[in-house]
$ cat final.cif   # mmCIF, C-alpha atoms
data_final
#
loop_
_atom_site.label_atom_id
_atom_site.label_comp_id
_atom_site.auth_asym_id
_atom_site.auth_seq_id
_atom_site.Cartn_x
_atom_site.Cartn_y
_atom_site.Cartn_z
CA MET A 1373 42.19 90.72 -39.52
CA ARG A 1374 42.50 87.07 -38.87
CA PRO A 1375 39.62 85.24 -37.15
CA GLY A 1376 40.22 84.15 -33.61
CA PRO A 1377 40.72 80.52 -32.63
CA ARG A 1378 37.70 78.16 -32.62
CA PHE A 1379 36.86 76.09 -29.58
CA ALA A 1380 35.06 72.68 -29.90
CA LEU A 1381 32.51 71.91 -27.25
CA PRO A 1382 32.91 68.55 -25.53
CA SER A 1383 30.35 66.01 -26.79
CA VAL A 1384 28.90 65.44 -23.35
CA LEU A 1385 28.28 69.13 -22.86
CA LEU A 1386 26.74 69.36 -26.27
CA ALA A 1387 24.29 66.58 -25.43
CA VAL A 1388 23.30 68.37 -22.23
CA LEU A 1389 22.67 71.60 -24.08
CA LEU A 1390 20.58 69.86 -26.68
CA LEU A 1391 18.42 68.16 -24.05
CA ALA A 1392 18.03 71.43 -22.20
CA SER A 1393 16.89 73.16 -25.35
CA CYS A 1394 14.11 70.61 -25.76
CA GLY A 1395 12.57 71.44 -22.41
CA ASP A 1396 9.81 68.97 -21.31
CA SER A 1397 8.80 67.96 -24.81
CA ALA A 1398 10.63 64.53 -24.74
CA GLU A 1399 10.03 61.69 -22.17
CA ILE A 1400 11.48 58.17 -21.76
CA VAL A 1401 8.66 55.58 -22.39
CA ALA A 1402 8.70 52.33 -20.30
CA PRO A 1403 7.95 49.00 -22.08
CA PRO A 1404 4.36 47.63 -21.60
CA PRO A 1405 3.83 45.11 -18.75
CA PRO A 1406 3.53 41.41 -19.65
CA PRO A 1407 -0.03 39.99 -19.92
CA PRO A 1408 -1.37 38.37 -16.72
CA ALA A 1409 -0.89 34.61 -16.33
CA PRO A 1410 -3.98 32.54 -17.20
CA THR A 1411 -6.16 31.67 -14.21
CA PRO A 1412 -5.93 27.93 -13.43
CA VAL A 1413 -9.03 25.75 -13.61
CA GLN A 1414 -10.16 23.97 -10.44
CA ALA A 1415 -7.87 21.25 -9.12
CA VAL A 1416 -9.41 18.15 -7.56
CA SER A 1417 -9.13 17.78 -3.80
CA GLY A 1418 -9.26 14.98 -1.26
CA LEU A 1419 -7.55 12.51 -3.60
CA SER A 1420 -7.11 9.10 -2.00
CA ALA A 1421 -6.20 5.67 -3.33
CA GLU A 1422 -6.85 2.18 -1.99
CA ASP A 1423 -5.64 -1.27 -2.97
CA LEU A 1424 -8.94 -3.15 -3.18
CA LEU A 1425 -8.42 -6.06 -5.56
CA ASN A 1426 -5.86 -8.80 -6.06
CA THR A 1427 -5.10 -8.67 -9.79
CA GLY A 1428 -1.62 -7.28 -9.24
CA GLY A 1429 -2.05 -4.27 -11.57
CA ALA A 1430 -3.63 -0.84 -11.84
CA ALA A 1431 -7.10 -2.39 -11.70
CA ASP A 1432 -6.46 -3.02 -7.99
CA ILE A 1433 -6.49 0.72 -7.32
CA ARG A 1434 -9.69 2.51 -6.36
CA ILE A 1435 -9.50 6.30 -6.25
CA SER A 1436 -11.81 8.81 -4.60
CA PHE A 1437 -11.79 12.59 -4.95
CA THR A 1438 -13.97 15.68 -5.14
CA LEU A 1439 -14.15 18.45 -7.73
CA SER A 1440 -15.90 21.61 -6.55
CA SER A 1441 -16.17 23.24 -10.00
CA THR A 1442 -16.02 21.84 -13.53
CA THR A 1443 -16.00 25.24 -15.25
CA ASP A 1444 -13.69 25.26 -18.30
CA ILE A 1445 -12.41 21.73 -17.58
CA GLY A 1446 -12.38 19.41 -20.57
CA THR A 1447 -11.09 16.24 -18.95
CA LEU A 1448 -9.23 14.84 -15.96
CA ARG A 1449 -6.02 12.83 -16.32
CA VAL A 1450 -5.06 10.34 -13.61
CA PHE A 1451 -1.36 9.62 -13.13
CA ILE A 1452 0.26 6.80 -11.16
CA VAL A 1453 3.67 8.00 -10.05
CA GLU A 1454 6.37 6.01 -8.30
CA ALA A 1455 6.58 7.50 -4.81
CA ALA A 1456 10.33 8.04 -5.22
CA GLN A 1457 9.59 10.39 -8.16
CA ALA A 1458 6.51 12.10 -6.76
CA ALA A 1459 8.30 15.17 -5.35
CA ALA A 1460 9.44 16.15 -8.84
CA PHE A 1461 6.09 15.50 -10.52
CA ASP A 1462 4.60 18.92 -11.26
CA THR A 1463 2.17 20.45 -13.75
CA GLU A 1464 4.80 20.66 -16.48
CA ALA A 1465 5.73 17.00 -15.98
CA ALA A 1466 2.08 15.99 -16.13
CA GLN A 1467 1.48 17.99 -19.32
CA GLY A 1468 4.49 16.35 -20.93
CA THR A 1469 3.49 12.78 -20.11
CA SER A 1470 2.79 10.65 -23.17
CA ALA A 1471 -0.62 9.14 -23.89
CA GLY A 1472 -0.97 5.65 -22.46
CA ARG A 1473 0.75 6.70 -19.25
CA PHE A 1474 -2.36 8.21 -17.71
CA GLN A 1475 -6.07 7.50 -17.66
CA GLU A 1476 -8.62 10.08 -18.77
CA ILE A 1477 -11.89 10.33 -16.87
CA ALA A 1478 -14.89 12.65 -16.87
CA PRO A 1479 -14.53 15.95 -15.00
CA GLN A 1480 -16.58 15.20 -11.92
CA GLY A 1481 -16.00 13.92 -8.41
CA ALA A 1482 -15.92 10.14 -8.35
CA THR A 1483 -14.98 6.87 -6.73
CA LEU A 1484 -13.75 4.38 -9.32
CA PHE A 1485 -11.28 1.63 -10.12
CA LEU A 1486 -8.55 2.35 -12.65
CA ASP A 1487 -8.16 0.49 -15.93
CA GLY A 1488 -5.97 -2.57 -15.61
CA GLY A 1489 -3.65 -1.56 -18.46
CA THR A 1490 -2.77 1.88 -17.12
CA LEU A 1491 1.02 2.39 -16.90
CA THR A 1492 2.83 4.68 -14.51
CA ALA A 1493 3.79 8.18 -15.66
CA ALA A 1494 7.30 6.81 -16.25
CA GLY A 1495 5.92 4.13 -18.57
CA ASN A 1496 6.29 1.17 -16.20
CA ALA A 1497 3.73 -1.52 -15.41
CA VAL A 1498 2.11 -1.19 -11.98
CA ALA A 1499 3.64 -3.80 -9.70
CA GLU A 1500 3.07 -5.15 -6.24
CA GLY A 1501 5.47 -4.04 -3.54
CA THR A 1502 6.23 -0.66 -5.16
CA ALA A 1503 4.98 2.49 -3.45
CA TYR A 1504 2.92 4.89 -5.57
CA GLN A 1505 1.24 8.26 -5.29
CA LEU A 1506 -1.56 9.35 -7.58
CA PHE A 1507 -2.11 12.77 -9.12
CA ILE A 1508 -4.95 14.20 -11.21
CA LEU A 1509 -4.49 16.96 -13.79
CA SER A 1510 -7.53 19.14 -14.53
CA VAL A 1511 -7.11 19.93 -18.24
CA ASN A 1512 -8.67 23.14 -19.59
CA ASP A 1513 -11.19 22.84 -22.40
CA GLY A 1514 -9.39 25.20 -24.78
CA THR A 1515 -10.36 28.44 -23.09
CA ASN A 1516 -7.72 30.83 -21.83
CA ARG A 1517 -7.28 28.95 -18.56
CA ALA A 1518 -4.33 27.07 -17.15
CA ASP A 1519 -4.30 23.37 -16.24
CA ALA A 1520 -4.24 22.52 -12.53
CA LEU A 1521 -2.51 19.57 -10.84
CA SER A 1522 -3.84 18.09 -7.63
CA SER A 1523 -1.76 17.30 -4.61
CA GLY A 1524 -0.49 13.75 -4.52
CA SER A 1525 -2.51 11.07 -2.78
CA PRO A 1526 -1.11 9.34 0.28
CA SER A 1527 1.37 6.67 -0.76
CA ILE A 1528 0.11 3.12 -1.34
CA ALA A 1529 1.91 -0.14 -2.11
CA LEU A 1530 -0.06 -2.91 -3.79
CA ALA A 1531 -0.18 -6.26 -2.01
CA LYS A 1532 -2.37 -9.32 -2.28
CA THR A 1533 -4.54 -9.67 0.80
CA ASP A 1534 -7.95 -10.86 1.94
CA LEU A 1535 -10.60 -8.27 1.09
CA VAL A 1536 -14.26 -7.59 1.88
CA LEU A 1537 -16.16 -6.45 -1.22
CA THR A 1538 -19.79 -5.76 -2.05
CA LEU A 1539 -21.54 -7.81 -4.72
CA VAL A 1540 -25.06 -6.34 -4.40
CA ASP A 1541 -25.34 -3.05 -2.56
CA ASN A 1542 -29.02 -2.41 -2.00
CA LEU A 1543 -31.33 -5.42 -2.36
CA ALA A 1544 -34.93 -4.78 -1.37
CA ALA A 1545 -35.03 -7.76 0.96
CA GLY A 1546 -34.56 -8.80 4.57
CA THR A 1547 -31.21 -10.37 5.40
CA GLY A 1548 -32.00 -14.01 4.87
CA PRO A 1549 -29.50 -16.80 4.37
CA VAL A 1550 -27.29 -17.41 1.35
CA ALA A 1551 -26.54 -20.69 -0.44
CA VAL A 1552 -24.21 -21.34 -3.37
CA GLY A 1553 -25.28 -23.93 -5.93
CA PRO A 1554 -23.17 -26.43 -7.85
CA ASP A 1555 -23.60 -24.11 -10.83
CA GLY A 1556 -21.80 -21.33 -8.93
CA MET A 1557 -24.94 -19.22 -8.67
CA ILE A 1558 -25.66 -17.44 -5.39
CA TYR A 1559 -29.12 -17.86 -3.86
CA VAL A 1560 -30.30 -15.25 -1.35
CA ALA A 1561 -33.64 -15.34 0.45
CA ASP A 1562 -35.77 -12.33 1.32
CA SER A 1563 -36.68 -13.04 4.92
CA GLY A 1564 -38.87 -9.93 5.03
CA PRO A 1565 -38.35 -7.01 7.41
CA VAL A 1566 -38.36 -7.44 11.17
CA PRO A 1567 -40.36 -8.12 13.22
CA ASN A 1568 -42.79 -10.10 11.03
CA LEU A 1569 -40.30 -11.67 8.57
CA LEU A 1570 -42.89 -12.37 5.89
CA GLY A 1571 -40.71 -12.45 2.78
CA THR A 1572 -41.47 -15.07 0.11
CA VAL A 1573 -38.76 -14.56 -2.55
CA ILE A 1574 -35.46 -16.25 -3.34
CA HIS A 1575 -33.14 -14.19 -5.52
CA ARG A 1576 -30.43 -15.69 -7.70
CA PHE A 1577 -27.18 -13.92 -8.62
CA ASP A 1578 -24.16 -14.72 -10.70
CA ALA A 1579 -20.63 -13.91 -9.50
CA ALA A 1580 -20.86 -10.46 -11.12
CA GLY A 1581 -24.03 -9.56 -9.21
CA ASN A 1582 -26.53 -9.92 -12.08
CA SER A 1583 -29.83 -11.01 -10.59
CA GLU A 1584 -33.16 -12.67 -11.21
CA ILE A 1585 -36.00 -13.96 -9.05
CA PHE A 1586 -35.61 -17.71 -8.77
CA ALA A 1587 -38.70 -18.51 -6.70
CA ASP A 1588 -41.60 -16.60 -5.19
CA ASP A 1589 -44.30 -18.51 -3.30
CA PRO A 1590 -46.28 -18.11 -0.06
CA ALA A 1591 -45.04 -21.57 0.94
CA LEU A 1592 -41.64 -19.93 1.39
CA THR A 1593 -42.88 -17.35 3.91
CA SER A 1594 -39.95 -16.37 6.14
CA PRO A 1595 -37.31 -18.37 4.21
CA LEU A 1596 -34.51 -18.54 6.75
CA GLY A 1597 -32.35 -21.56 5.93
CA GLY A 1598 -31.13 -22.99 2.63
CA ALA A 1599 -28.94 -25.87 1.44
CA PHE A 1600 -28.34 -28.05 -1.62
CA ASP A 1601 -28.44 -31.85 -1.58
CA SER A 1602 -26.01 -34.02 -3.55
CA ASN A 1603 -28.34 -33.95 -6.56
CA GLY A 1604 -28.13 -30.17 -6.79
CA LEU A 1605 -31.68 -29.60 -5.52
CA LEU A 1606 -32.17 -26.54 -3.35
CA HIS A 1607 -34.05 -26.93 -0.07
CA TRP A 1608 -35.30 -24.05 2.02
CA ALA A 1609 -36.76 -23.76 5.51
CA SER A 1610 -39.88 -21.66 6.10
CA LEU A 1611 -39.99 -20.17 9.59
CA THR A 1612 -43.66 -19.19 9.46
CA ASN A 1613 -44.90 -22.41 7.86
CA SER A 1614 -42.61 -24.66 9.96
CA SER A 1615 -41.64 -26.68 6.95
CA VAL A 1616 -38.76 -27.52 4.64
CA LEU A 1617 -39.42 -27.02 0.93
CA ARG A 1618 -37.69 -28.56 -2.08
CA ILE A 1619 -37.17 -26.23 -5.04
CA ALA A 1620 -36.62 -27.68 -8.51
CA ALA A 1621 -34.33 -26.12 -11.12
CA ASP A 1622 -37.30 -24.31 -12.69
CA GLY A 1623 -38.24 -22.72 -9.34
CA SER A 1624 -41.25 -24.95 -8.69
CA ILE A 1625 -41.79 -25.82 -5.03
CA SER A 1626 -42.87 -28.95 -3.18
CA THR A 1627 -43.01 -29.78 0.52
CA PHE A 1628 -40.18 -32.00 1.70
CA ALA A 1629 -40.76 -32.21 5.48
CA THR A 1630 -43.06 -30.83 8.16
CA GLU A 1631 -43.07 -33.41 10.95
CA GLY A 1632 -41.15 -32.15 13.99
CA ILE A 1633 -40.23 -28.91 12.21
CA LEU A 1634 -40.88 -25.88 14.44
CA ALA A 1635 -39.77 -22.38 13.39
CA PRO A 1636 -36.67 -23.64 11.53
CA LEU A 1637 -33.79 -21.25 10.92
CA GLY A 1638 -31.09 -23.45 9.42
CA ILE A 1639 -30.69 -26.69 7.47
CA ALA A 1640 -27.68 -28.79 6.42
CA PHE A 1641 -27.15 -32.05 4.52
CA ASP A 1642 -24.57 -34.70 5.26
CA ALA A 1643 -22.82 -36.78 2.57
CA SER A 1644 -25.70 -39.30 2.45
CA ASP A 1645 -28.33 -36.57 2.01
CA THR A 1646 -29.70 -36.83 5.54
CA LEU A 1647 -30.99 -33.38 6.42
CA PHE A 1648 -30.52 -31.74 9.82
CA VAL A 1649 -32.84 -28.91 10.80
CA ALA A 1650 -32.14 -26.26 13.46
CA ASN A 1651 -35.49 -25.56 15.15
CA CYS A 1652 -35.52 -22.18 16.86
CA GLY A 1653 -39.06 -22.83 18.05
CA ASP A 1654 -38.16 -25.48 20.65
CA GLY A 1655 -34.36 -25.55 20.72
CA SER A 1656 -34.02 -28.85 18.93
CA VAL A 1657 -32.32 -30.51 15.98
CA GLN A 1658 -34.52 -32.58 13.70
CA LYS A 1659 -33.21 -35.35 11.46
CA VAL A 1660 -34.88 -35.92 8.08
CA ALA A 1661 -34.07 -38.95 5.92
CA PRO A 1662 -33.84 -38.62 2.11
CA ASP A 1663 -37.40 -39.94 1.80
CA GLY A 1664 -38.72 -37.17 4.09
CA THR A 1665 -39.12 -39.33 7.19
CA SER A 1666 -38.46 -37.11 10.21
CA SER A 1667 -37.32 -37.78 13.78
CA GLN A 1668 -36.00 -35.61 16.57
CA LEU A 1669 -32.26 -35.96 17.14
CA VAL A 1670 -32.09 -33.83 20.31
CA ILE A 1671 -33.72 -31.03 22.27
CA ASN A 1672 -31.45 -29.22 24.72
CA ALA A 1673 -31.09 -25.93 26.60
CA LEU A 1674 -27.72 -25.34 24.94
CA LEU A 1675 -29.62 -24.95 21.66
CA ASN A 1676 -30.76 -21.38 22.32
CA CYS A 1677 -32.73 -20.57 19.17
CA PRO A 1678 -30.30 -22.44 16.89
CA ASN A 1679 -29.73 -20.42 13.73
CA GLY A 1680 -26.92 -21.93 11.68
CA ILE A 1681 -26.14 -25.62 11.29
CA VAL A 1682 -23.43 -27.59 9.50
CA VAL A 1683 -22.00 -31.12 9.51
CA GLY A 1684 -18.37 -31.15 10.59
CA PRO A 1685 -15.49 -33.33 9.36
CA ASP A 1686 -15.90 -35.53 12.43
CA ASP A 1687 -19.51 -36.30 11.39
CA ASN A 1688 -20.89 -34.32 14.32
CA ILE A 1689 -23.39 -31.50 13.84
CA TYR A 1690 -22.39 -27.96 14.81
CA VAL A 1691 -25.06 -25.37 15.63
CA SER A 1692 -24.67 -21.59 16.04
CA ASN A 1693 -27.22 -19.91 18.31
CA PHE A 1694 -29.16 -16.76 17.51
CA ASN A 1695 -29.94 -15.86 21.14
CA ASP A 1696 -26.37 -16.10 22.37
CA GLY A 1697 -22.85 -16.44 21.00
CA ASN A 1698 -22.52 -20.16 21.63
CA ILE A 1699 -21.76 -22.91 19.16
CA ALA A 1700 -22.95 -26.33 20.28
CA ARG A 1701 -21.62 -29.69 19.14
CA VAL A 1702 -24.25 -32.43 18.67
CA THR A 1703 -23.17 -36.02 18.20
CA ARG A 1704 -25.08 -38.48 16.03
CA GLY A 1705 -26.28 -40.04 19.26
CA GLY A 1706 -27.83 -36.76 20.42
CA SER A 1707 -25.26 -35.69 23.03
CA VAL A 1708 -24.83 -31.90 23.22
CA SER A 1709 -21.81 -29.94 24.47
CA LEU A 1710 -20.57 -26.38 24.28
CA PHE A 1711 -17.98 -26.20 21.50
CA ALA A 1712 -17.09 -22.48 21.38
CA THR A 1713 -18.41 -19.00 22.18
CA VAL A 1714 -18.27 -16.22 19.61
CA PRO A 1715 -18.25 -12.57 20.76
CA GLY A 1716 -21.35 -10.43 20.27
CA ALA A 1717 -24.03 -12.60 21.95
CA SER A 1718 -25.83 -13.38 18.67
CA ASN A 1719 -24.70 -15.64 15.83
CA GLY A 1720 -25.75 -15.86 12.23
CA LYS A 1721 -25.11 -18.91 10.06
CA ILE A 1722 -22.15 -21.28 10.12
CA ASP A 1723 -20.18 -23.03 7.36
CA TYR A 1724 -17.16 -25.35 7.27
CA ARG A 1725 -14.17 -25.59 4.96
CA ASP A 1726 -10.64 -27.02 5.18
CA GLY A 1727 -10.37 -27.51 8.92
CA LEU A 1728 -12.22 -24.37 10.02
CA PHE A 1729 -15.77 -23.37 10.84
CA TYR A 1730 -16.80 -19.93 9.62
CA VAL A 1731 -19.40 -18.09 11.69
CA ALA A 1732 -21.28 -14.84 11.07
CA GLY A 1733 -20.96 -12.93 14.32
CA ARG A 1734 -24.12 -10.84 14.06
CA GLY A 1735 -23.75 -9.03 17.35
CA ALA A 1736 -20.06 -8.29 16.83
CA HIS A 1737 -20.35 -7.21 13.16
CA ARG A 1738 -17.57 -9.63 12.25
CA ILE A 1739 -16.84 -12.98 10.63
CA TYR A 1740 -15.02 -15.54 12.78
CA THR A 1741 -13.28 -18.84 12.31
CA VAL A 1742 -13.32 -21.65 14.85
CA ASP A 1743 -10.80 -24.46 14.61
CA MET A 1744 -11.52 -28.03 15.66
CA SER A 1745 -10.20 -27.33 19.16
CA GLY A 1746 -12.74 -24.51 19.61
CA THR A 1747 -10.33 -21.59 19.24
CA VAL A 1748 -12.17 -18.51 17.94
CA SER A 1749 -10.44 -15.94 15.68
CA ALA A 1750 -11.83 -12.82 13.99
CA ILE A 1751 -10.90 -12.85 10.30
CA ALA A 1752 -13.02 -10.05 8.84
CA GLY A 1753 -14.76 -6.92 10.05
CA SER A 1754 -13.40 -4.00 12.03
CA GLY A 1755 -16.09 -4.38 14.69
CA SER A 1756 -17.68 -1.07 13.66
CA GLN A 1757 -21.19 -1.29 12.24
CA GLY A 1758 -21.28 -0.14 8.63
CA PHE A 1759 -20.87 -0.96 4.94
CA ALA A 1760 -17.34 0.06 3.96
CA ASP A 1761 -15.35 -2.30 1.75
CA GLY A 1762 -11.65 -2.73 2.36
CA THR A 1763 -9.09 -5.13 3.66
CA ALA A 1764 -10.63 -7.94 5.66
CA THR A 1765 -9.87 -6.42 9.04
CA SER A 1766 -10.61 -2.78 8.13
CA ALA A 1767 -13.98 -3.28 6.39
CA SER A 1768 -17.10 -2.60 8.41
CA MET A 1769 -20.14 -4.89 8.65
CA SER A 1770 -23.71 -4.62 9.90
CA LEU A 1771 -25.39 -7.65 11.46
CA PRO A 1772 -23.97 -10.31 9.09
CA ASN A 1773 -26.28 -13.32 8.91
CA GLY A 1774 -26.15 -15.71 5.95
CA ILE A 1775 -22.78 -17.24 5.07
CA ALA A 1776 -21.66 -19.70 2.36
CA PHE A 1777 -18.55 -20.56 0.36
CA ASN A 1778 -18.36 -20.73 -3.40
CA GLY A 1779 -17.13 -23.94 -5.01
CA ASP A 1780 -13.36 -23.32 -4.96
CA GLY A 1781 -13.27 -21.55 -1.61
CA SER A 1782 -12.00 -18.25 -3.02
CA ARG A 1783 -15.09 -16.36 -1.87
CA LEU A 1784 -17.11 -16.51 1.30
CA TYR A 1785 -20.45 -14.85 0.62
CA PHE A 1786 -22.47 -13.27 3.40
CA THR A 1787 -25.59 -11.17 3.77
CA GLN A 1788 -25.98 -8.17 6.03
CA GLY A 1789 -28.31 -5.21 6.63
CA ARG A 1790 -27.82 -2.03 4.60
CA THR A 1791 -28.64 0.03 7.67
CA THR A 1792 -27.16 0.75 11.06
CA SER A 1793 -30.50 1.53 12.65
CA GLY A 1794 -31.13 -0.90 15.49
CA LEU A 1795 -31.84 -4.46 14.36
CA ASN A 1796 -33.37 -3.42 11.03
CA ASN A 1797 -32.54 -5.99 8.36
CA THR A 1798 -33.88 -4.23 5.26
CA PRO A 1799 -32.51 -3.51 2.69
CA THR A 1800 -29.83 -6.16 2.29
CA GLN A 1801 -26.26 -6.18 1.05
CA VAL A 1802 -24.71 -9.28 -0.47
CA ARG A 1803 -20.98 -9.15 0.17
CA TYR A 1804 -18.05 -11.53 0.13
CA ILE A 1805 -14.61 -12.08 1.55
CA SER A 1806 -12.16 -12.50 -1.32
CA PHE A 1807 -9.46 -14.84 -0.07
CA GLU A 1808 -5.96 -14.54 -1.46
CA ALA A 1809 -4.77 -18.00 -2.43
CA PRO A 1810 -1.88 -19.23 -0.29
#
$ encode --input "final.cif" --output "structure tokens"
Amino acid sequence: MRPGPRFALPSVLLAVLLLASCGDSAEIVAPPPPPPAPTPVQAVSGLSAEDLLNTGGAADIRISFTLSSTTDIGTLRVFIVEAAQAAAFDTEAAQGTSAGRFQEIAPQGATLFLDGGTLTAAGNAVAEGTAYQLFILSVNDGTNRADALSSGSPSIALAKTDLVLTLVDNLAAGTGPVAVGPDGMIYVADSGPVPNLLGTVIHRFDAAGNSEIFADDPALTSPLGGAFDSNGLLHWASLTNSSVLRIAADGSISTFATEGILAPLGIAFDASDTLFVANCGDGSVQKVAPDGTSSQLVINALLNCPNGIVVGPDDNIYVSNFNDGNIARVTRGGSVSLFATVPGASNGKIDYRDGLFYVAGRGAHRIYTVDMSGTVSAIAGSGSQGFADGTATSASMSLPNGIAFNGDGSRLYFTQGRTTSGLNNTPTQVRYISFEAP
């Protein structure tokens, strides 16, 4: 008997039968999940940038920021990015930026100026007129953490402008006057704290703020007015002792004049070394010849505790009052007239250069110029009492008093209180207006 025909099962059906015969013993295994992404380190916050110098490069830029945690951060990298490219600047772009196109700093909150040679992230030199944003990359210290890029700073464009900067931030002294010597050194007196004003020290600084004590003597008690004669000898007025002292280059002191001197606040020499003294004690101006012979030039009600004094280009004497905002003009013959009124009702010292008088407006917390027609203009100070550096009109001041130019006129130094508490004048800041050359 022949076998019957064979039938082949379809392959699909065969596969189904095989799977069915296995029951629940076989399962499909899913691939393992990817490892979690590394946790980023802390990014800096509050990043801001200011243009606070006039070098025309990265050294003009001062940055400020905070860093709430430094855990696992090895360094911070600061990037200057052209504002037109800032939207595309991300963590990957920062990590791929070549050395020399960022500046590394310590991982901590800070306020600092950048290095002058720092290039932009694109490798370009920092230039005036171009808008930039700054970024900071928090770089992990080798642990299994990810780097973190800050948000960009507000955009800035570098420009040369007049600035107010601090030379000495916290001098243990009352805000006495300032004088600049022919050697370029800056001389600042410690008037002593109000109300007694019993300071006896004159400090000397170089243009970088390095200091030493130049003179310290009871004869200087309440030193409130200083000036150099044509021989480079420093003279200083003592309020308490009602005298004018001469100070030699070695700091030794001798009495120059006492006759007719009554609570002097300011002194100024003319080209022939005749000295003029502003006497707050009786509202007068005293004239002292080079040999020390003294005579009264004028006493007048317009001299309301005269504080600052300077000889103008017209050979008249100009006096700024402490007890009001007036500036009086005194002729060589002793005639007195009102020249100008500065806001704030209390003036500090006065200086003259290139057609303008410069006046410390104590009560207004500003520096003013007055032209020869008597027109008053505010050139520095926001009017708010404080200590913030910045552009000339945005910086804050606190009771500016002493005022004096350096030799080439690029800096106008002034003293002010390092407090906003009432009329307190201690401690002192020594600051300056940095003028951009025309």
$ resolve_selection --input "final.cif" --expression "the PyMOL selection byres ((chain A and resi 1563) around 7)" --output "list in words"
Ala1545, Gly1546, Thr1547, Gly1548, Ala1561, Asp1562, Gly1564, Pro1565, Leu1569, Leu1570, Gly1571, Ser1594, Pro1595 and Leu1596 of chain A
$ axis_aligned_box --input "final.cif" --around "segment 1566-1584 of chain A" --padding-each-side "4 Å" --output "JSON"
{"center_x": -31.8, "center_y": -11.8, "center_z": 0.6, "size_x": 30.3, "size_y": 16.8, "size_z": 33.3}
$ residues_around --input "final.cif" --residues "Leu1491 of chain A" --least-positions-apart "2" --cutoff "10 Å" --atoms "only C-alpha atoms" --output "mmCIF file with C-alpha atoms, in the frame of the given file"
data_model
loop_
_atom_site.group_PDB
_atom_site.id
_atom_site.type_symbol
_atom_site.label_atom_id
_atom_site.label_comp_id
_atom_site.auth_asym_id
_atom_site.auth_seq_id
_atom_site.Cartn_x
_atom_site.Cartn_y
_atom_site.Cartn_z
ATOM 1 C CA GLY A 1429 -2.050 -4.270 -11.570
ATOM 2 C CA ALA A 1430 -3.630 -0.840 -11.840
ATOM 3 C CA PHE A 1451 -1.360 9.620 -13.130
ATOM 4 C CA ILE A 1452 0.260 6.800 -11.160
ATOM 5 C CA VAL A 1453 3.670 8.000 -10.050
ATOM 6 C CA ALA A 1471 -0.620 9.140 -23.890
ATOM 7 C CA GLY A 1472 -0.970 5.650 -22.460
ATOM 8 C CA ARG A 1473 0.750 6.700 -19.250
ATOM 9 C CA PHE A 1474 -2.360 8.210 -17.710
ATOM 10 C CA GLN A 1475 -6.070 7.500 -17.660
ATOM 11 C CA ASP A 1487 -8.160 0.490 -15.930
ATOM 12 C CA GLY A 1488 -5.970 -2.570 -15.610
ATOM 13 C CA GLY A 1489 -3.650 -1.560 -18.460
ATOM 14 C CA ALA A 1493 3.790 8.180 -15.660
ATOM 15 C CA ALA A 1494 7.300 6.810 -16.250
ATOM 16 C CA GLY A 1495 5.920 4.130 -18.570
ATOM 17 C CA ASN A 1496 6.290 1.170 -16.200
ATOM 18 C CA ALA A 1497 3.730 -1.520 -15.410
ATOM 19 C CA VAL A 1498 2.110 -1.190 -11.980
ATOM 20 C CA ALA A 1499 3.640 -3.800 -9.700
#
$ closest_atom_pairs --input "final.cif" --of "segment 1395-1502 of chain A" --to "segment 1536-1542 of chain A" --cutoff "12 Å" --atoms "all atoms listed in the file" --output "Markdown table"
| residue | atom | partner | partner_atom | distance |
| --- | --- | --- | --- | --- |
| A:Asp1423 | CA | A:Val1536 | CA | 11.7 |
| A:Leu1424 | CA | A:Leu1537 | CA | 8.2 |
| A:Leu1425 | CA | A:Leu1537 | CA | 8.9 |
| A:Asn1426 | CA | A:Leu1537 | CA | 11.6 |
$ closest_residue --input "final.cif" --among "A:Gly1481, A:Pro1554, A:Gly1716, A:Pro1403" --to "Gly1418 of chain A" --atoms "all atoms listed in the file"
A:Gly1481
$ residues_around --input "final.cif" --residues "Pro1526 of chain A" --least-positions-apart "4" --cutoff "8 Å" --atoms "only C-alpha atoms" --output "PyMOL selection string"
chain A and resi 1420-1421+1505-1506
$ write_last_selection --input "final.cif" --atoms "C-alpha atoms" --output "short mmCIF file (atom, residue, chain, number, x, y, z; two decimals), keeping the file's coordinate frame"
data_model
loop_
_atom_site.label_atom_id
_atom_site.label_comp_id
_atom_site.auth_asym_id
_atom_site.auth_seq_id
_atom_site.Cartn_x
_atom_site.Cartn_y
_atom_site.Cartn_z
CA SER A 1420 -7.11 9.10 -2.00
CA ALA A 1421 -6.20 5.67 -3.33
CA GLN A 1505 1.24 8.26 -5.29
CA LEU A 1506 -1.56 9.35 -7.58
#
$ closest_atom_pairs --input "final.cif" --of "segment 1579-1676 of chain A" --to "segment 1799-1804 of chain A" --cutoff "12 Å" --atoms "only C-alpha atoms" --output "tab-separated table"
residue	atom	partner	partner_atom	distance
A:Ala1579	CA	A:Tyr1804	CA	10.2
A:Ala1580	CA	A:Arg1803	CA	11.4
A:Gly1581	CA	A:Val1802	CA	8.8
A:Asn1582	CA	A:Val1802	CA	11.8
A:Ser1583	CA	A:Val1802	CA	11.5
